[in-house]
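start.cif follows; it contains mmCIF, C-alpha atoms and all ligand atoms.
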```cif
data_entry
loop_
_atom_site.label_atom_id
_atom_site.label_comp_id
_atom_site.auth_asym_id
_atom_site.auth_seq_id
_atom_site.Cartn_x
_atom_site.Cartn_y
_atom_site.Cartn_z
CA MET A 1 15.29 -54.35 0.86
CA LEU A 2 14.46 -54.20 4.55
CA ALA A 3 16.78 -52.24 6.81
CA ILE A 4 15.01 -53.48 9.94
CA LYS A 5 12.70 -56.45 10.43
CA ILE A 6 11.33 -57.14 13.88
CA ASN A 7 9.08 -60.08 14.74
CA ASN A 8 7.17 -60.49 17.99
CA LEU A 9 9.70 -58.60 20.09
CA ILE A 10 9.21 -58.74 23.83
CA LYS A 11 11.35 -56.73 26.22
CA LYS A 12 11.09 -57.07 29.97
CA PHE A 13 12.89 -55.21 32.70
CA ASP A 14 12.54 -57.75 35.54
CA ASP A 15 8.78 -58.34 35.78
CA ASN A 16 7.88 -55.23 33.84
CA THR A 17 7.08 -55.98 30.18
CA VAL A 18 7.80 -52.70 28.38
CA LEU A 19 7.63 -53.92 24.77
CA LYS A 20 4.75 -56.28 24.10
CA ASP A 21 4.84 -58.26 20.88
CA ILE A 22 6.27 -55.60 18.57
CA SER A 23 6.49 -56.44 14.87
CA LEU A 24 7.87 -53.81 12.54
CA GLU A 25 9.53 -53.50 9.16
CA VAL A 26 11.50 -50.51 7.93
CA GLU A 27 12.53 -50.42 4.30
CA ASN A 28 15.97 -49.22 3.30
CA GLY A 29 16.05 -45.49 2.60
CA LYS A 30 12.74 -44.79 4.31
CA ILE A 31 11.96 -42.43 7.14
CA VAL A 32 9.84 -43.77 9.97
CA SER A 33 8.75 -41.57 12.84
CA ILE A 34 7.62 -42.98 16.17
CA ILE A 35 5.28 -40.93 18.30
CA GLY A 36 3.47 -41.67 21.52
CA PRO A 37 3.19 -40.76 25.19
CA SER A 38 6.08 -40.85 27.59
CA GLY A 39 6.77 -44.32 28.97
CA SER A 40 5.27 -46.15 25.99
CA GLY A 41 8.59 -47.83 25.12
CA LYS A 42 9.84 -45.68 22.23
CA SER A 43 13.39 -45.26 23.54
CA THR A 44 13.61 -48.89 24.59
CA LEU A 45 12.59 -49.99 21.10
CA LEU A 46 15.31 -47.83 19.50
CA ARG A 47 17.87 -49.10 22.03
CA CYS A 48 16.94 -52.71 21.21
CA ILE A 49 17.40 -52.03 17.49
CA ALA A 50 20.78 -50.39 18.17
CA ASN A 51 21.72 -53.38 20.36
CA LEU A 52 22.22 -51.17 23.40
CA GLU A 53 19.57 -53.24 25.16
CA LYS A 54 18.96 -57.01 24.92
CA ILE A 55 15.48 -58.25 24.07
CA THR A 56 13.68 -60.98 26.01
CA ALA A 57 12.01 -62.77 23.09
CA GLY A 58 11.49 -62.37 19.36
CA ASP A 59 13.64 -61.67 16.30
CA ILE A 60 15.52 -58.67 14.93
CA GLU A 61 17.10 -58.66 11.46
CA ILE A 62 19.29 -55.82 10.22
CA TYR A 63 19.68 -55.59 6.43
CA GLY A 64 18.58 -59.19 6.12
CA HIS A 65 21.01 -60.54 8.70
CA PRO A 66 19.73 -61.86 12.02
CA LEU A 67 20.89 -60.03 15.13
CA VAL A 68 18.71 -62.13 17.40
CA ILE A 69 16.45 -65.08 16.59
CA LYS A 70 13.80 -66.22 19.07
CA GLY A 71 15.56 -64.30 21.81
CA LYS A 72 18.96 -65.84 21.04
CA TYR A 73 21.71 -63.46 19.91
CA VAL A 74 24.26 -64.19 17.19
CA SER A 75 27.98 -64.10 18.09
CA HIS A 76 29.48 -60.89 19.48
CA LYS A 77 31.51 -60.49 16.30
CA LYS A 78 28.38 -60.67 14.13
CA GLN A 79 26.50 -58.33 16.46
CA ARG A 80 29.26 -55.76 16.03
CA GLU A 81 29.26 -56.15 12.25
CA LEU A 82 25.53 -55.49 12.12
CA THR A 83 25.59 -52.49 14.42
CA ASN A 84 28.53 -50.94 12.54
CA ASP A 85 26.11 -49.70 9.92
CA MET A 86 23.88 -47.83 12.35
CA ASN A 87 24.17 -45.10 14.86
CA MET A 88 21.99 -43.53 17.49
CA VAL A 89 21.58 -39.84 18.30
CA PHE A 90 20.25 -38.97 21.75
CA GLN A 91 18.20 -36.15 23.18
CA SER A 92 21.10 -35.22 25.47
CA PHE A 93 23.79 -35.06 22.72
CA ASN A 94 26.33 -37.11 24.77
CA LEU A 95 29.32 -35.06 23.61
CA PHE A 96 32.67 -35.42 25.38
CA PRO A 97 32.88 -32.22 27.48
CA HIS A 98 36.69 -32.06 27.49
CA TYR A 99 37.04 -32.27 23.69
CA SER A 100 36.45 -29.49 21.17
CA ALA A 101 33.69 -29.88 18.59
CA LEU A 102 36.32 -31.06 16.10
CA ASP A 103 37.87 -33.53 18.52
CA ASN A 104 34.47 -34.93 19.42
CA ILE A 105 34.35 -36.16 15.83
CA VAL A 106 38.07 -36.90 15.45
CA ARG A 107 38.78 -38.91 18.63
CA PRO A 108 36.19 -41.68 18.17
CA GLN A 109 37.46 -42.29 14.64
CA MET A 110 41.01 -42.69 15.97
CA LEU A 111 39.97 -44.83 18.94
CA VAL A 112 37.34 -47.04 17.34
CA GLU A 113 38.50 -47.24 13.76
CA GLY A 114 42.23 -46.75 14.31
CA LYS A 115 42.43 -43.88 11.82
CA THR A 116 45.37 -41.48 11.84
CA ARG A 117 44.62 -38.03 13.23
CA GLU A 118 45.16 -36.56 9.78
CA ASN A 119 42.57 -38.81 8.17
CA ALA A 120 40.11 -38.34 10.99
CA VAL A 121 40.46 -34.54 10.83
CA GLU A 122 39.81 -34.59 7.10
CA VAL A 123 36.52 -36.43 7.66
CA ALA A 124 35.57 -34.27 10.65
CA VAL A 125 36.11 -31.01 8.78
CA LYS A 126 33.83 -32.16 5.95
CA LEU A 127 31.16 -33.21 8.43
CA LEU A 128 31.33 -29.94 10.35
CA GLU A 129 30.93 -28.09 7.06
CA ARG A 130 27.95 -30.26 6.25
CA VAL A 131 26.16 -29.27 9.48
CA ASN A 132 27.25 -25.63 9.04
CA LEU A 133 29.53 -25.60 12.06
CA TYR A 134 33.04 -25.42 10.67
CA HIS A 135 33.43 -21.98 12.25
CA ARG A 136 32.75 -23.55 15.68
CA LYS A 137 35.31 -26.35 15.33
CA ASP A 138 37.44 -25.21 18.28
CA ALA A 139 34.55 -24.57 20.67
CA TYR A 140 33.99 -26.88 23.64
CA PRO A 141 30.53 -28.35 24.32
CA SER A 142 29.99 -25.89 27.21
CA GLN A 143 30.43 -23.05 24.69
CA LEU A 144 27.99 -24.50 22.15
CA SER A 145 24.26 -23.86 22.06
CA GLY A 146 21.95 -26.87 22.29
CA GLY A 147 21.29 -26.74 18.56
CA GLU A 148 25.00 -26.57 17.80
CA SER A 149 25.72 -29.44 20.20
CA GLN A 150 23.11 -31.62 18.57
CA ARG A 151 24.50 -30.84 15.13
CA VAL A 152 27.99 -31.84 16.31
CA ALA A 153 26.49 -35.06 17.69
CA ILE A 154 24.85 -35.74 14.32
CA ALA A 155 28.12 -34.99 12.50
CA ARG A 156 29.91 -37.40 14.84
CA SER A 157 27.35 -40.11 14.15
CA LEU A 158 27.95 -39.65 10.40
CA ALA A 159 31.71 -40.18 10.66
CA ARG A 160 31.38 -43.92 10.18
CA SER A 161 29.10 -43.52 7.15
CA PRO A 162 26.18 -45.36 8.72
CA LYS A 163 23.36 -46.60 6.51
CA MET A 164 20.89 -45.95 9.26
CA ILE A 165 20.51 -43.44 12.09
CA LEU A 166 18.13 -43.82 15.01
CA PHE A 167 17.14 -40.48 16.55
CA ASP A 168 15.70 -40.41 20.05
CA GLU A 169 13.89 -37.09 20.49
CA PRO A 170 16.73 -35.14 18.86
CA THR A 171 15.11 -31.75 19.47
CA SER A 172 13.39 -32.24 22.83
CA ALA A 173 16.16 -30.61 24.85
CA LEU A 174 16.40 -27.57 22.57
CA ASP A 175 15.00 -24.07 22.81
CA PRO A 176 12.37 -23.56 20.09
CA GLU A 177 14.57 -21.29 17.97
CA MET A 178 17.17 -24.06 17.67
CA VAL A 179 14.82 -26.83 16.64
CA THR A 180 14.72 -25.76 12.99
CA GLU A 181 18.47 -25.90 12.43
CA VAL A 182 18.59 -29.48 13.70
CA LEU A 183 15.54 -30.55 11.71
CA GLU A 184 17.17 -29.05 8.59
CA VAL A 185 20.19 -31.30 9.08
CA ILE A 186 17.94 -34.35 9.49
CA ARG A 187 16.04 -33.36 6.35
CA GLY A 188 19.39 -33.31 4.52
CA LEU A 189 20.02 -36.92 5.55
CA LYS A 190 16.70 -37.95 4.08
CA ASP A 191 17.67 -36.36 0.78
CA GLU A 192 20.82 -38.51 0.77
CA GLY A 193 18.76 -41.67 1.03
CA MET A 194 19.69 -42.66 4.56
CA THR A 195 17.32 -44.86 6.57
CA LEU A 196 16.07 -42.89 9.57
CA VAL A 197 13.95 -43.90 12.54
CA ILE A 198 12.98 -40.81 14.51
CA VAL A 199 11.26 -40.66 17.87
CA THR A 200 9.87 -37.16 18.01
CA HIS A 201 7.21 -34.86 19.41
CA GLU A 202 7.56 -32.53 16.42
CA MET A 203 4.30 -33.53 14.76
CA ASN A 204 4.57 -31.16 11.81
CA PHE A 205 8.07 -32.36 11.06
CA ALA A 206 7.01 -36.01 11.39
CA ARG A 207 4.12 -35.40 9.06
CA GLU A 208 6.24 -33.70 6.46
CA ILE A 209 9.39 -35.85 6.47
CA SER A 210 8.13 -39.37 7.19
CA ASP A 211 7.21 -42.15 4.83
CA ARG A 212 5.48 -43.80 7.76
CA VAL A 213 4.42 -42.81 11.24
CA ILE A 214 3.98 -45.24 14.12
CA PHE A 215 2.00 -44.50 17.26
CA MET A 216 3.06 -46.44 20.34
CA ALA A 217 1.24 -46.76 23.65
CA ASP A 218 1.83 -49.13 26.58
CA GLY A 219 4.60 -51.03 24.84
CA LYS A 220 2.58 -51.75 21.70
CA ILE A 221 2.37 -50.39 18.18
CA VAL A 222 -1.19 -49.14 18.18
CA GLU A 223 -1.28 -47.50 14.77
CA ASP A 224 1.05 -47.59 11.78
CA GLY A 225 0.45 -45.77 8.51
CA THR A 226 1.33 -42.96 6.15
CA PRO A 227 1.46 -39.48 7.70
CA GLN A 228 -1.87 -38.77 6.06
CA GLU A 229 -3.48 -41.88 7.51
CA LEU A 230 -2.10 -41.19 10.95
CA PHE A 231 -2.72 -37.48 11.19
CA GLU A 232 -5.82 -37.02 9.07
CA ASN A 233 -7.66 -40.34 9.29
CA THR A 234 -6.56 -41.52 12.71
CA LYS A 235 -8.31 -44.79 13.54
CA ASN A 236 -7.28 -45.37 17.12
CA LYS A 237 -8.88 -43.12 19.73
CA ARG A 238 -5.78 -42.91 21.92
CA ALA A 239 -3.69 -41.92 18.94
CA ALA A 240 -6.27 -39.31 17.93
CA ASP A 241 -6.37 -37.85 21.46
CA PHE A 242 -2.58 -37.77 21.66
CA ILE A 243 -2.17 -36.04 18.30
CA LYS A 244 -4.88 -33.51 19.11
CA LYS A 245 -3.23 -32.68 22.42
CA ILE A 246 0.19 -32.13 20.86
CA LEU A 247 -0.86 -30.22 17.74
N1 LIG B 1 16.90 -49.50 32.16
C1 LIG B 1 15.63 -49.65 32.57
N2 LIG B 1 15.33 -50.38 33.66
C2 LIG B 1 14.05 -50.56 34.06
N3 LIG B 1 12.99 -50.03 33.45
C3 LIG B 1 13.22 -49.27 32.36
C4 LIG B 1 14.56 -49.04 31.86
N4 LIG B 1 14.46 -48.25 30.77
C5 LIG B 1 13.14 -47.99 30.58
N5 LIG B 1 12.41 -48.60 31.53
C6 LIG B 1 10.93 -48.57 31.63
O1 LIG B 1 10.40 -48.95 30.37
C7 LIG B 1 9.22 -48.21 30.08
C8 LIG B 1 9.38 -47.55 28.73
O2 LIG B 1 10.36 -46.55 28.82
P1 LIG B 1 10.92 -45.77 27.55
O3 LIG B 1 11.32 -46.76 26.52
O4 LIG B 1 11.96 -44.84 28.04
O5 LIG B 1 9.62 -45.00 27.06
P2 LIG B 1 9.52 -43.69 26.14
O6 LIG B 1 10.81 -43.50 25.43
O7 LIG B 1 8.37 -43.96 25.22
O8 LIG B 1 9.20 -42.56 27.08
C9 LIG B 1 9.03 -47.23 31.22
O9 LIG B 1 8.09 -47.77 32.09
C10 LIG B 1 10.39 -47.17 31.86
O10 LIG B 1 10.30 -46.89 33.24
MG MG B 2 12.10 -41.88 25.41
#
```
Could you express the structure from this file as structure tokens?
Ligand SMILES: Nc1ncnc2c1ncn2[C@@H]1O[C@H](COP(=O)(O)OP(=O)(O)O)[C@@H](O)[C@H]1O
Ligand SMILES: [Mg+2]
Amino acid sequence: MLAIKINNLIKKFDDNTVLKDISLEVENGKIVSIIGPSGSGKSTLLRCIANLEKITAGDIEIYGHPLVIKGKYVSHKKQRELTNDMNMVFQSFNLFPHYSALDNIVRPQMLVEGKTRENAVEVAVKLLERVNLYHRKDAYPSQLSGGESQRVAIARSLARSPKMILFDEPTSALDPEMVTEVLEVIRGLKDEGMTLVIVTHEMNFAREISDRVIFMADGKIVEDGTPQELFENTKNKRAADFIKKIL
């Protein structure tokens, strides 16, 4: 089963075409990493999949259900149903600064899903344990390290039991010693069979965790293959130069 199916996606910001005829399929339970230079459209592609950005032309299907067909979106109600199953984690964590780590996970469940505080706390405690941060439950974002903040953000994104998480450079804002703890949590999600699309500059991680790696440049998918194909038998010269520079 396909988690994501994209046909001939075009995304313009005014006159600037930033995604140029993107077609992409992601199978359920697979891990796809997206690499490529800054400005190539990686974040915009994730935001289009998460329906945080509207596409100009093309189709997107989520778990077999159309979100947009030939540039025309389904009803708002259907859009919400489709995006319920996915979540996005950002480079900048986006935690609520005035809530504790626990409340960052509790409050959205109460507000969005209408859960009681008791039920929401029960879920939040389990999730904090899962990312090894139960002992930091009362800390505020300003008191958390970058790695801890990102793990809280991941825990928060898990509260609605998504089938799919889209990560946009989840470790780019972190000091090197904190990268591993976040990558460990992401690795755990893979083991649970979640579908993950990860924009990352961590080439070794991408190589090790991914079922497929995609190289984007100038709004296009330039190369798409297994980690071995992409990293060891790179066909495209730009992809080869990029990988060499980063590794
Ligand atoms: N909200 C926006 N309005 C106008 N242009 C944008 C917007 N978001 C991104 N862009 C442009 O789209 C292009 C791709 O950006 P982005 O998707 O952020 O690339 P990447 O994540 O690969 O660095 C860039 O040229 C960027 O300036
Ligand atoms: Mg980006």
Within 10 Å of ligand LIG 1 (chain B), which residues show up when you count all atoms listed in the file? List them as a ChimeraX atom specification, please. /A:11-19,34-48,53,168-169,199-200,216-219
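The nearest approach to ligand MG 2 (chain B) among the residues A:Lys220, A:Arg117, A:His201, A:Lys237, with only C-alpha atoms and all ligand atoms taken into account, belongs to A:His201.
Separating CA of Tyr99 (chain A) from CA of Ala139 (chain A) is a distance of 8.6 Å.
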Name all residues at most 6 Å from region 80-94 of chain A (count all atoms listed in the file; drop same-chain ones fewer than 6 positions away) and give them as a list in words. Gln150, Ala153, Ser157, Pro162, Lys163, Met164, Ile165, Leu166, Phe167, Asp168, Glu169 and Pro170 of chain A
Might you pull out every residue within 8 Å of Ile60 (chain A), with only C-alpha atoms counted and same-chain residues fewer than 4 positions away left off, and present them as a list in words?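 Skipping anything fewer than 4 positions along the chain leaves Ile4, Lys5, Ile6, Asn7, Leu9, Ile49, Pro66, Leu67, Val68 and Ile69 of chain A.
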Excluding same-chain residues fewer than 5 positions from Val26 (chain A), what lies within 10 Å of it counting only C-alpha atoms, as a ChimeraX atom specification? /A:1-6,31-32,62-63,195-197,211-212
Selection above as a file: C-alpha atoms, as an mmCIF file, keeping the file's coordinate frame:
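Final output, selection-v4.cif:
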```
data_model
loop_
_atom_site.group_PDB
_atom_site.id
_atom_site.type_symbol
_atom_site.label_atom_id
_atom_site.label_comp_id
_atom_site.auth_asym_id
_atom_site.auth_seq_id
_atom_site.Cartn_x
_atom_site.Cartn_y
_atom_site.Cartn_z
ATOM 1 C CA MET A 1 15.290 -54.350 0.860
ATOM 2 C CA LEU A 2 14.460 -54.200 4.550
ATOM 3 C CA ALA A 3 16.780 -52.240 6.810
ATOM 4 C CA ILE A 4 15.010 -53.480 9.940
ATOM 5 C CA LYS A 5 12.700 -56.450 10.430
ATOM 6 C CA ILE A 6 11.330 -57.140 13.880
ATOM 7 C CA ILE A 31 11.960 -42.430 7.140
ATOM 8 C CA VAL A 32 9.840 -43.770 9.970
ATOM 9 C CA ILE A 62 19.290 -55.820 10.220
ATOM 10 C CA TYR A 63 19.680 -55.590 6.430
ATOM 11 C CA THR A 195 17.320 -44.860 6.570
ATOM 12 C CA LEU A 196 16.070 -42.890 9.570
ATOM 13 C CA VAL A 197 13.950 -43.900 12.540
ATOM 14 C CA ASP A 211 7.210 -42.150 4.830
ATOM 15 C CA ARG A 212 5.480 -43.800 7.760
#
```
Which is closer to ligand MG 2 (chain B) than all the others in A:Ser172, A:Asn28, A:Asn132, A:Asn104, using only C-alpha atoms and all ligand atoms? A:Ser172
